[in-house]
Amino acid sequence: MKLSKICPMNNENTSSMNDVSNPHDKLFRETWSNLENARSFLHHYLPHHVLRLMDLDTLEISKDSFVEKELSDYYSDMLYKVMLSGNPGFVHLLFEHKSYYDKHVHLQILEYMVKIWRLFIKQQKKKEALPIVIPLLICHGKRSWPEDKVRLSSLLSGPVDELSGYIPDFGFHLHDLTRFTDKDIKGTVMARVVLLLFKHVFDPDLQKKLPTILSLMKSLMEKETGLQYLETVLRYLFNTMDDISAEAIREVAEQALSAKEGAYIMTLAERLRKEGEIRGKLEGKLEGLTDAIELGMILKFPDQVDQVMAEVKKIKDLDTLIKIKEAIKTAKDVSEIL
C-alpha cells in the first residue's frame with residue numbers, strides 16, 4: 001500500500017486541506033507549539049550570552065503568526081513571548097524548509113519584526129518602549145546556509161561601514177541542520193526525533209536511518225500520548241517518502257519499537273487511505289462548484305468575472321461556495337455576490 005500520494009495531514013475540514021502540501025510545516029508547528037519542546041530547543045541552541053538574559057520559565061506561545069499566505073509554501077513561523085532581563089520580549093522562530101538558500105530571507109524577517117512591533121503598539125494601552133525581537137532561523141536544505149549571510153548588511157553593496165548609521169542592520173541566530181552531526185542534536189525526545197527527520201529527509205538512505213531515529217521514541221510509547229506522537233511522525237513520513245510502503249514502515253517500527261506499534265501502523269495506513277479518498281471527493285466537489293460559479297459569472301456578469309473569481313478561488317468551504325452559486329441566480333449586481 002503506497003500512501004505518499006493520498007495521505008492528508010488531517011481531515012478536520014476542507015479549509016485544512018492545504019496542510020497536506022506542507023508536511024514539514026505541520027510537523028514543525030506540532031512539535032514547537034509544545035512548550036516543553038520549545039524551551040528545550042532554546043536552552044540547547046541559543047548562544048549563552050542570549051540565554052542568560054532570558055527567563056525560560058516565562059516562555060509562552062503567541063497565537064500571532066506573521067508569514068504571508070503567498071509565502072506559506074516556503075516558510076513557517078512561530079512567535080514566543082518571554083521576559084528578557086525583566087522586560088517583555090519575543091523570540092521569533094522561522095523555519096525554512098525548502099532545499100535551497102534564500103538570500104533575501106532577511107527582508108522577510110524584517111517585515112515580520114515590524115508587524116510584531118505594530119501589533120504590540122496596537123495592543124498596548126500605554127505608550128511603552130518596543131520589545132526586543134530575537135529572530136531564529138532553522139533550515140534543513142540540501143546544502144549549508146552561508147555563515148557570512150546572517151546579517152542584513154551582507155545583502156548591501158557600497159560603503160556599508162561608512163553609512164552604517166543609516167542601515168537597519170540585524171542578524172538572526174542560524175540553526176542549520178546540515179552542520180550538525182546526529183550526536184550533536186539535543187533536546188526532548190520528540191524534538192530530537194523531529195530534528196533528525198528534518199536533517200535526513202532529503203537523504204536517499206533515510207529508510208536505513210529510521211530504526212535508529214524511531215527507537216528514540218520508546219520512552220514516549222509508555223505515555224498515554226505515545227501513539228499520538230507516533231502518528232504525528234508517521235503522517236510526516238507517509239507524506240515525504242515517495243518510495244516507501246506501509247509494510248516497510250511497519251517493519252521499521254517493529255524493529256525500532258515493538259510489534260504493537262507495527263500493528264498500529266497498518267491500522268493508521270488504512271485510516272489514511274480512507275481519509276485520502278474523502279479528501280479526493282471534497283476536492284472534486286470544490287472544483288465543480290468553482291467551475292459552476294465561473295460559468296454563472298460569465299453568463300450574467302462577464303465584465304466582473306476576474307474580480308469575483310479571484311476571491312472565489314481562495315475559498316475552501318463547500319457551504320460558502322454553494323451560497324455564492326445560488327446568489328448569482330438572483331443577484332442584480334456583482335456587489336451582492338461579493
# chains A, B, ... in the order shown; residues from 1 in each chain; ligands from 1
>>> select_by_dssp(residues="segment 153-325 of chain A", states="strand (DSSP E)", output="list in words")
His173, Leu174, His175 and Asp176 of chain A
>>> write_last_selection(atoms="N, CA, C and O atoms", output="PDB file, in the first residue's frame")
ATOM      1  N   HIS A 173      19.799  34.231  14.550  1.00  0.00           N
ATOM      2  CA  HIS A 173      20.525  33.048  15.010  1.00  0.00           C
ATOM      3  C   HIS A 173      20.225  31.925  14.037  1.00  0.00           C
ATOM      4  O   HIS A 173      19.076  31.541  13.836  1.00  0.00           O
ATOM      5  N   LEU A 174      21.271  31.411  13.411  1.00  0.00           N
ATOM      6  CA  LEU A 174      21.131  30.382  12.387  1.00  0.00           C
ATOM      7  C   LEU A 174      21.286  28.995  12.994  1.00  0.00           C
ATOM      8  O   LEU A 174      22.276  28.709  13.672  1.00  0.00           O
ATOM      9  N   HIS A 175      20.292  28.150  12.756  1.00  0.00           N
ATOM     10  CA  HIS A 175      20.360  26.749  13.187  1.00  0.00           C
ATOM     11  C   HIS A 175      20.261  25.901  11.927  1.00  0.00           C
ATOM     12  O   HIS A 175      19.167  25.542  11.476  1.00  0.00           O
ATOM     13  N   ASP A 176      21.420  25.642  11.327  1.00  0.00           N
ATOM     14  CA  ASP A 176      21.491  24.915  10.064  1.00  0.00           C
ATOM     15  C   ASP A 176      21.763  23.442  10.354  1.00  0.00           C
ATOM     16  O   ASP A 176      22.852  23.069  10.787  1.00  0.00           O
TER      17      ASP A 176
END
>>> select_by_dssp(residues="segment 175-327 of chain A", states="helix (DSSP H, G or I)", output="NGL selection string")
:A and (177-179 or 182-184 or 189-200 or 206-218 or 220-222 or 226-240 or 246-256 or 259-300 or 302-312 or 318-327)
>>> atom_distance(atom1="atom CA of Glu294 of chain A", atom2="atom CA of Glu336 of chain A")
15.6 Å
>>> closest_atom_pairs(of="segment 186-300 of chain A", to="segment 310-323 of chain A", cutoff="9 Å", atoms="only C-alpha atoms", output="Markdown table")
| residue | atom | partner | partner_atom | distance |
| --- | --- | --- | --- | --- |
| A:Leu282 | CA | A:Leu318 | CA | 8.3 |
| A:Glu283 | CA | A:Lys316 | CA | 8.8 |
| A:Lys285 | CA | A:Leu318 | CA | 7.7 |
| A:Leu286 | CA | A:Leu318 | CA | 6.4 |
| A:Leu289 | CA | A:Leu321 | CA | 6.4 |
| A:Thr290 | CA | A:Val312 | CA | 7.1 |
| A:Ile293 | CA | A:Leu321 | CA | 8.0 |
| A:Glu294 | CA | A:Val312 | CA | 8.9 |
>>> write_last_selection(atoms="C-alpha atoms", output="mmCIF file, in the first residue's frame")
data_model
loop_
_atom_site.group_PDB
_atom_site.id
_atom_site.type_symbol
_atom_site.label_atom_id
_atom_site.label_comp_id
_atom_site.auth_asym_id
_atom_site.auth_seq_id
_atom_site.Cartn_x
_atom_site.Cartn_y
_atom_site.Cartn_z
ATOM 1 C CA LEU A 282 -14.133 17.005 -1.405
ATOM 2 C CA GLU A 283 -11.593 18.413 -3.840
ATOM 3 C CA LYS A 285 -16.829 18.954 -5.267
ATOM 4 C CA LEU A 286 -14.912 22.179 -4.662
ATOM 5 C CA LEU A 289 -18.658 24.353 -7.653
ATOM 6 C CA THR A 290 -15.871 26.755 -8.624
ATOM 7 C CA ILE A 293 -19.668 29.812 -10.299
ATOM 8 C CA GLU A 294 -17.313 30.885 -13.074
#
>>> residues_around(residues="His106 of chain A", least_positions_apart="2", cutoff="12 Å", atoms="only C-alpha atoms", output="list in words")
Leu94, Tyr101, Asp102, Lys103, His104, Gln108, Ile109, Leu110, Glu111, Tyr112, Met113, Pro135, Leu136, Leu137, Lys149, Val150, Arg151, Leu152, Ser153, Ser154, Leu155, Leu156, Pro168, Asp169, Phe170, Gly171, Phe172, His173 and Leu174 of chain A
>>> closest_atom_pairs(of="segment 200-239 of chain A", to="segment 249-264 of chain A", cutoff="9 Å", atoms="only C-alpha atoms", output="JSON lines")
{"residue": "A:Gln207", "atom": "CA", "partner": "A:Val252", "partner_atom": "CA", "distance": 8.2}
{"residue": "A:Lys208", "atom": "CA", "partner": "A:Val252", "partner_atom": "CA", "distance": 8.8}
{"residue": "A:Leu210", "atom": "CA", "partner": "A:Val252", "partner_atom": "CA", "distance": 6.9}
{"residue": "A:Pro211", "atom": "CA", "partner": "A:Ala256", "partner_atom": "CA", "distance": 4.8}
{"residue": "A:Thr212", "atom": "CA", "partner": "A:Ala256", "partner_atom": "CA", "distance": 6.8}
{"residue": "A:Ile213", "atom": "CA", "partner": "A:Ala256", "partner_atom": "CA", "distance": 8.2}
{"residue": "A:Leu214", "atom": "CA", "partner": "A:Ala256", "partner_atom": "CA", "distance": 5.9}
{"residue": "A:Ser215", "atom": "CA", "partner": "A:Ala256", "partner_atom": "CA", "distance": 4.6}
{"residue": "A:Leu216", "atom": "CA", "partner": "A:Ala256", "partner_atom": "CA", "distance": 8.3}
{"residue": "A:Met217", "atom": "CA", "partner": "A:Leu257", "partner_atom": "CA", "distance": 7.6}
{"residue": "A:Lys218", "atom": "CA", "partner": "A:Leu257", "partner_atom": "CA", "distance": 6.0}
{"residue": "A:Met221", "atom": "CA", "partner": "A:Leu257", "partner_atom": "CA", "distance": 8.4}
{"residue": "A:Leu227", "atom": "CA", "partner": "A:Glu261", "partner_atom": "CA", "distance": 8.2}
{"residue": "A:Leu230", "atom": "CA", "partner": "A:Glu261", "partner_atom": "CA", "distance": 8.5}
{"residue": "A:Leu234", "atom": "CA", "partner": "A:Ile249", "partner_atom": "CA", "distance": 8.4}
{"residue": "A:Leu237", "atom": "CA", "partner": "A:Ile249", "partner_atom": "CA", "distance": 8.7}
{"residue": "A:Phe238", "atom": "CA", "partner": "A:Ile249", "partner_atom": "CA", "distance": 8.8}
>>> write_last_selection(atoms="N, CA, C and O atoms", output="PDB file, in the first residue's frame")
ATOM      1  N   GLN A 207      15.526   5.604   4.829  1.00  0.00           N
ATOM      2  CA  GLN A 207      14.855   4.417   5.361  1.00  0.00           C
ATOM      3  C   GLN A 207      15.785   3.605   6.265  1.00  0.00           C
ATOM      4  O   GLN A 207      15.348   3.007   7.256  1.00  0.00           O
ATOM      5  N   LYS A 208      17.092   3.595   5.954  1.00  0.00           N
ATOM      6  CA  LYS A 208      18.054   2.858   6.773  1.00  0.00           C
ATOM      7  C   LYS A 208      18.281   3.534   8.124  1.00  0.00           C
ATOM      8  O   LYS A 208      18.639   2.874   9.104  1.00  0.00           O
ATOM      9  N   LEU A 210      15.896   5.210   9.757  1.00  0.00           N
ATOM     10  CA  LEU A 210      14.652   5.282  10.521  1.00  0.00           C
ATOM     11  C   LEU A 210      14.635   4.422  11.789  1.00  0.00           C
ATOM     12  O   LEU A 210      14.133   4.879  12.822  1.00  0.00           O
ATOM     13  N   PRO A 211      15.144   3.178  11.766  1.00  0.00           N
ATOM     14  CA  PRO A 211      15.106   2.395  13.012  1.00  0.00           C
ATOM     15  C   PRO A 211      15.802   3.100  14.165  1.00  0.00           C
ATOM     16  O   PRO A 211      15.296   3.100  15.301  1.00  0.00           O
ATOM     17  N   THR A 212      16.950   3.708  13.894  1.00  0.00           N
ATOM     18  CA  THR A 212      17.676   4.418  14.951  1.00  0.00           C
ATOM     19  C   THR A 212      16.897   5.626  15.435  1.00  0.00           C
ATOM     20  O   THR A 212      16.817   5.902  16.646  1.00  0.00           O
ATOM     21  N   ILE A 213      16.297   6.364  14.486  1.00  0.00           N
ATOM     22  CA  ILE A 213      15.549   7.566  14.856  1.00  0.00           C
ATOM     23  C   ILE A 213      14.300   7.200  15.651  1.00  0.00           C
ATOM     24  O   ILE A 213      14.021   7.763  16.712  1.00  0.00           O
ATOM     25  N   LEU A 214      13.541   6.226  15.154  1.00  0.00           N
ATOM     26  CA  LEU A 214      12.285   5.859  15.820  1.00  0.00           C
ATOM     27  C   LEU A 214      12.529   5.194  17.169  1.00  0.00           C
ATOM     28  O   LEU A 214      11.678   5.271  18.058  1.00  0.00           O
ATOM     29  N   SER A 215      13.676   4.546  17.328  1.00  0.00           N
ATOM     30  CA  SER A 215      13.957   3.885  18.603  1.00  0.00           C
ATOM     31  C   SER A 215      14.045   4.892  19.748  1.00  0.00           C
ATOM     32  O   SER A 215      13.861   4.532  20.917  1.00  0.00           O
ATOM     33  N   LEU A 216      14.298   6.160  19.432  1.00  0.00           N
ATOM     34  CA  LEU A 216      14.317   7.199  20.458  1.00  0.00           C
ATOM     35  C   LEU A 216      12.952   7.367  21.112  1.00  0.00           C
ATOM     36  O   LEU A 216      12.837   7.873  22.228  1.00  0.00           O
ATOM     37  N   MET A 217      11.900   6.924  20.406  1.00  0.00           N
ATOM     38  CA  MET A 217      10.537   7.140  20.878  1.00  0.00           C
ATOM     39  C   MET A 217      10.054   6.057  21.839  1.00  0.00           C
ATOM     40  O   MET A 217       8.903   6.100  22.283  1.00  0.00           O
ATOM     41  N   LYS A 218      10.898   5.113  22.170  1.00  0.00           N
ATOM     42  CA  LYS A 218      10.471   4.020  23.063  1.00  0.00           C
ATOM     43  C   LYS A 218       9.906   4.543  24.375  1.00  0.00           C
ATOM     44  O   LYS A 218       8.879   4.067  24.869  1.00  0.00           O
ATOM     45  N   MET A 221       6.356   5.841  24.120  1.00  0.00           N
ATOM     46  CA  MET A 221       5.309   4.846  23.938  1.00  0.00           C
ATOM     47  C   MET A 221       4.709   4.402  25.268  1.00  0.00           C
ATOM     48  O   MET A 221       3.629   3.825  25.320  1.00  0.00           O
ATOM     49  N   LEU A 227       0.989   7.137  21.252  1.00  0.00           N
ATOM     50  CA  LEU A 227       0.513   6.863  19.903  1.00  0.00           C
ATOM     51  C   LEU A 227       0.243   8.148  19.127  1.00  0.00           C
ATOM     52  O   LEU A 227       0.393   8.184  17.906  1.00  0.00           O
ATOM     53  N   LEU A 230       3.524   9.148  17.821  1.00  0.00           N
ATOM     54  CA  LEU A 230       3.902   8.258  16.733  1.00  0.00           C
ATOM     55  C   LEU A 230       3.127   8.591  15.464  1.00  0.00           C
ATOM     56  O   LEU A 230       3.694   8.614  14.366  1.00  0.00           O
ATOM     57  N   LEU A 234       4.518   9.475  11.773  1.00  0.00           N
ATOM     58  CA  LEU A 234       4.172   8.608  10.645  1.00  0.00           C
ATOM     59  C   LEU A 234       3.506   9.385   9.518  1.00  0.00           C
ATOM     60  O   LEU A 234       3.780   9.136   8.337  1.00  0.00           O
ATOM     61  N   LEU A 237       6.198  10.976   7.582  1.00  0.00           N
ATOM     62  CA  LEU A 237       6.930  10.038   6.738  1.00  0.00           C
ATOM     63  C   LEU A 237       6.111   9.639   5.511  1.00  0.00           C
ATOM     64  O   LEU A 237       6.637   9.577   4.393  1.00  0.00           O
ATOM     65  N   PHE A 238       4.830   9.362   5.715  1.00  0.00           N
ATOM     66  CA  PHE A 238       3.993   8.950   4.598  1.00  0.00           C
ATOM     67  C   PHE A 238       3.873  10.052   3.547  1.00  0.00           C
ATOM     68  O   PHE A 238       3.661   9.774   2.373  1.00  0.00           O
TER      69      PHE A 238
END
>>> atom_distance(atom1="atom CA of Thr232 of chain A", atom2="atom CA of Ile244 of chain A")
16.9 Å
>>> closest_residue(among="A:Asp303, A:Asp242, A:Leu195, A:Val334", to="Phe41 of chain A", atoms="only C-alpha atoms")
A:Leu195
>>> closest_residue(among="A:Gly288, A:Pro204, A:Gly158, A:Pro302", to="Met241 of chain A", atoms="only C-alpha atoms")
A:Pro204
